[in-house]
Amino acid sequence: MSREHRAKSSTGRTLEVIPPGAGAAAMSTGIVSVALHLAGFELLSRLWFVIGVLIWSVLVLVFVARLADDRARWVDEADTPPALTGVAATSVLGARCVLIGWESVGVAALVIAAIAWIVLMPAVVRHWTAPTVGAHFLLCVATQGLAVLGSTLAAAKSAQWLAATALGMFVLGLGFYLIVLARFSFNQLRVGAGDQWVFAGALAISALAAGELAMAAEVLGWPVSLHRSLQIAGVVIIGSVLACYAVLVACEVRWPRLHYDVRRWSTTFPMGMTSAASLTVAAAASTAWLEPVGSVLVWPAALLCLILLVATVWHLRIEAKT
């Protein structure tokens with residue numbers, strides 16, 4: 001076998017073993033980039049943004065390859081909540097593009113994410129299982145991702161209809177959170193492999209959406225009462241997030257789970273999202289105490305992101321050889 005053929009075979013095996021939940025890696029690197037930007041570390045933010053785009057590009061390649069070559073597997077994976085990580089990742093990276101000033105790219109990302117949400121959400125809901133685990137909160141995360149990107153673009157482009165749509169997605173996302181929470185197995189806080197953190201992450205992205213909507217409401221001249229309600233919602237939700245964050249950290253200390261699992265990317269995402277949401281709500285609601293909280297919390301998220309990036313590359317290399 002030629003060296004070129006062996007390289008192609010190795011690449012093919014690597015793509016083959018990538019699970020649908022790997023989209024959480026693009027979500028995590030994207031939101032860490034956003035948080036670092038908000039905290040004022042632009043160079044590091046751009047670095048994580050590039051990494052996130054590269055991961056997202058690989059996942060698109062996997063998505064297309066499986067749709068073309070293994071339709072049965074594609075359908076099976078599309079029925080599961082982890083498939084929604086692609087929607088959230090596209091939305092988060094799109095929002096980062098808007099912050100850079102690439103509004104046209106943000107619009108393209110919104111269109112892609114919205115189409116994926118429309119296609120995937122009915123399949124995931126139809127195959128609903130109970131009790132729910134952390135991954136089920138991705139119904140909320142994916143929906144709020146559209147709210148975040150939509151409201152960010154609405155403020156940048158002064159688009160009233162887009163802001164109104166984003167507000168509707170925000171409310172729908174909160175509804176999804178409550179539905180999943182009512183069926184959530186809290187034993188996951190003890191035995192979960194990493195995705196139990198989405199219990200807090202879904203609230204964190206809801207807080208981020210509230211903050212972005214509050215800023216859009218001010219720019220677009222929405223009624224003062226609605227603007228104030230969004231500010232209050234952001235503060236209340238981020239307060240709940242910080243309480244959940246503390247509980248999850250305590251559970252990690254009490255029941256350590258130090259082995260590698262791809263679901264650990266779903267731990268990094270809520271950590272980064274909590275930082276980004278804290279910084280955004282601090283600015284949107286003039287809540288000064290949240291700013292240092294967000295600035296501190298970005299660092300454990302970035303560190304875990306780096307550890308997982310190295311561990312994932314190592315794990316994929318081993319899996320591709322077996």
# chains A, B, ... in the order shown; residues from 1 in each chain; ligands from 1

$ residues_around --residues "range 303-311 of chain A" --least-positions-apart "6" --cutoff "8 Å" --atoms "only C-alpha atoms" --output "ChimeraX atom specification"
/A:28-29,260,264-265,268

$ residues_around --residues "Glu218 in chain A" --least-positions-apart "2" --cutoff "12 Å" --atoms "only C-alpha atoms" --output "list in words"
Ser151, Ala154, Ala155, Ala156, Ser158, Gln160, Ala163, Gly211, Glu212, Leu213, Ala214, Met215, Ala216, Leu220, Gly221, Trp222, Pro223, Val224, Ser225, Leu226, His227, Arg228, Ser229, Leu230, Gln231, Ala284 and Ala285 of chain A

$ closest_atom_pairs --of "range 85-135 of chain A" --to "range 73-78 of chain A" --cutoff "12 Å" --atoms "only C-alpha atoms" --output "CSV"
residue,atom,partner,partner_atom,distance
A:Thr85,CA,A:Ala78,CA,10.8
A:Gly86,CA,A:Ala78,CA,10.5
A:Val87,CA,A:Ala78,CA,11.8
A:Ala116,CA,A:Ala78,CA,10.2
A:Trp117,CA,A:Ala78,CA,10.9
A:Ile118,CA,A:Ala78,CA,11.9
A:Val119,CA,A:Ala78,CA,9.0
A:Leu120,CA,A:Ala78,CA,6.2
A:Met121,CA,A:Ala78,CA,9.0
A:Pro122,CA,A:Ala78,CA,10.0
A:Ala123,CA,A:Ala78,CA,6.9
A:Val124,CA,A:Ala78,CA,7.2
A:Val125,CA,A:Ala78,CA,10.9
A:Arg126,CA,A:Ala78,CA,11.2
A:His127,CA,A:Ala78,CA,10.1

$ atom_distance --atom1 "CA of Gly30 in chain A" --atom2 "CA of Pro300 in chain A"
15.1 Å

$ closest_residue --among "A:Leu153, A:Ala72, A:Val262, A:Val58" --to "Gly194 in chain A" --atoms "only C-alpha atoms"
A:Val262

$ residues_around --residues "Ile179 in chain A" --least-positions-apart "6" --cutoff "10 Å" --atoms "only C-alpha atoms" --output "list in words"
Thr132, His136, Phe137, Leu139, Cys140 and Gly173 of chain A

$ residues_around --residues "Val249 in chain A" --least-positions-apart "4" --cutoff "12 Å" --atoms "only C-alpha atoms" --output "PyMOL selection string"
chain A and resi 189-190+194+196-197+200+242-245+253-257+267+270-271+300

$ atom_distance --atom1 "CA of Leu149 in chain A" --atom2 "CA of Ser33 in chain A"
14.8 Å

$ atom_distance --atom1 "CA of Cys251 in chain A" --atom2 "CA of Gly201 in chain A"
15.6 Å

$ select_by_dssp --residues "range 155-249 of chain A" --states "alpha helix (DSSP H)" --output "PyMOL selection string"
chain A and resi 155-157+160-182+188-191+198-220+224-249

$ residues_around --residues "Val92 in chain A" --least-positions-apart "4" --cutoff "12 Å" --atoms "only C-alpha atoms" --output "ChimeraX atom specification"
/A:23-35,49,52-53,56,85-88,96-99,106,109-110,113,141-150,152,205,208-209,269,272-273,276

$ residues_around --residues "Ser185 in chain A" --least-positions-apart "2" --cutoff "8 Å" --atoms "only C-alpha atoms" --output "list in words"
Pro131, Thr132, Val133, Arg183, Asn187 and Gln188 of chain A

$ write_last_selection --atoms "N, CA, C and O atoms" --output "compact mmCIF listing (two decimals), in the first residue's frame"
# COMPACT_ATOMS: atom_id res chain seq x y z
N PRO A 131 -36.30 8.93 31.54
CA PRO A 131 -35.92 10.27 32.00
C PRO A 131 -34.85 10.88 31.10
O PRO A 131 -34.14 10.18 30.40
N THR A 132 -34.74 12.18 31.16
CA THR A 132 -33.80 12.88 30.31
C THR A 132 -32.42 12.97 30.97
O THR A 132 -32.29 12.88 32.19
N VAL A 133 -31.41 13.14 30.12
CA VAL A 133 -30.04 13.34 30.59
C VAL A 133 -29.58 14.71 30.11
O VAL A 133 -30.34 15.46 29.48
N ARG A 183 -38.25 16.30 33.48
CA ARG A 183 -38.01 14.87 33.28
C ARG A 183 -36.55 14.49 33.52
O ARG A 183 -36.14 13.38 33.23
N ASN A 187 -29.70 12.16 39.12
CA ASN A 187 -28.61 11.22 39.36
C ASN A 187 -27.47 11.45 38.38
O ASN A 187 -26.32 11.05 38.63
N GLN A 188 -27.76 12.11 37.26
CA GLN A 188 -26.73 12.43 36.27
C GLN A 188 -25.64 13.33 36.86
O GLN A 188 -24.51 13.32 36.39

$ residues_around --residues "Gly294 in chain A" --least-positions-apart "3" --cutoff "6 Å" --atoms "only C-alpha atoms" --output "list in words"
Ser275, Ser278, Leu279, Glu291 and Leu297 of chain A

$ write_last_selection --atoms "all heavy atoms" --output "compact mmCIF listing (two decimals), in the first residue's frame"
# COMPACT_ATOMS: atom_id res chain seq x y z
N SER A 275 -19.25 32.32 31.44
CA SER A 275 -18.40 33.49 31.37
C SER A 275 -18.96 34.51 30.39
O SER A 275 -19.11 35.70 30.72
CB SER A 275 -16.98 33.10 30.95
OG SER A 275 -16.18 34.23 30.69
N SER A 278 -22.22 36.07 31.66
CA SER A 278 -21.99 37.00 32.77
C SER A 278 -21.52 38.35 32.25
O SER A 278 -22.00 39.41 32.67
CB SER A 278 -20.95 36.43 33.74
OG SER A 278 -21.42 35.24 34.34
N LEU A 279 -20.57 38.33 31.32
CA LEU A 279 -20.03 39.57 30.76
C LEU A 279 -21.08 40.32 29.94
O LEU A 279 -21.16 41.56 29.98
CB LEU A 279 -18.81 39.27 29.91
CG LEU A 279 -17.58 38.77 30.70
CD1 LEU A 279 -16.54 38.17 29.75
CD2 LEU A 279 -16.97 39.89 31.52
N GLU A 291 -19.22 41.44 35.96
CA GLU A 291 -18.07 41.56 35.06
C GLU A 291 -16.84 40.80 35.57
O GLU A 291 -16.25 40.02 34.82
CB GLU A 291 -17.74 43.03 34.82
CG GLU A 291 -16.64 43.21 33.77
CD GLU A 291 -16.43 44.66 33.40
OE1 GLU A 291 -17.29 45.50 33.77
OE2 GLU A 291 -15.43 44.96 32.73
N LEU A 297 -14.10 33.40 35.19
CA LEU A 297 -14.57 32.09 34.76
C LEU A 297 -14.13 31.71 33.35
O LEU A 297 -14.21 30.53 32.97
CB LEU A 297 -16.10 32.02 34.85
CG LEU A 297 -16.68 32.03 36.26
CD1 LEU A 297 -18.20 31.93 36.22
CD2 LEU A 297 -16.11 30.89 37.10
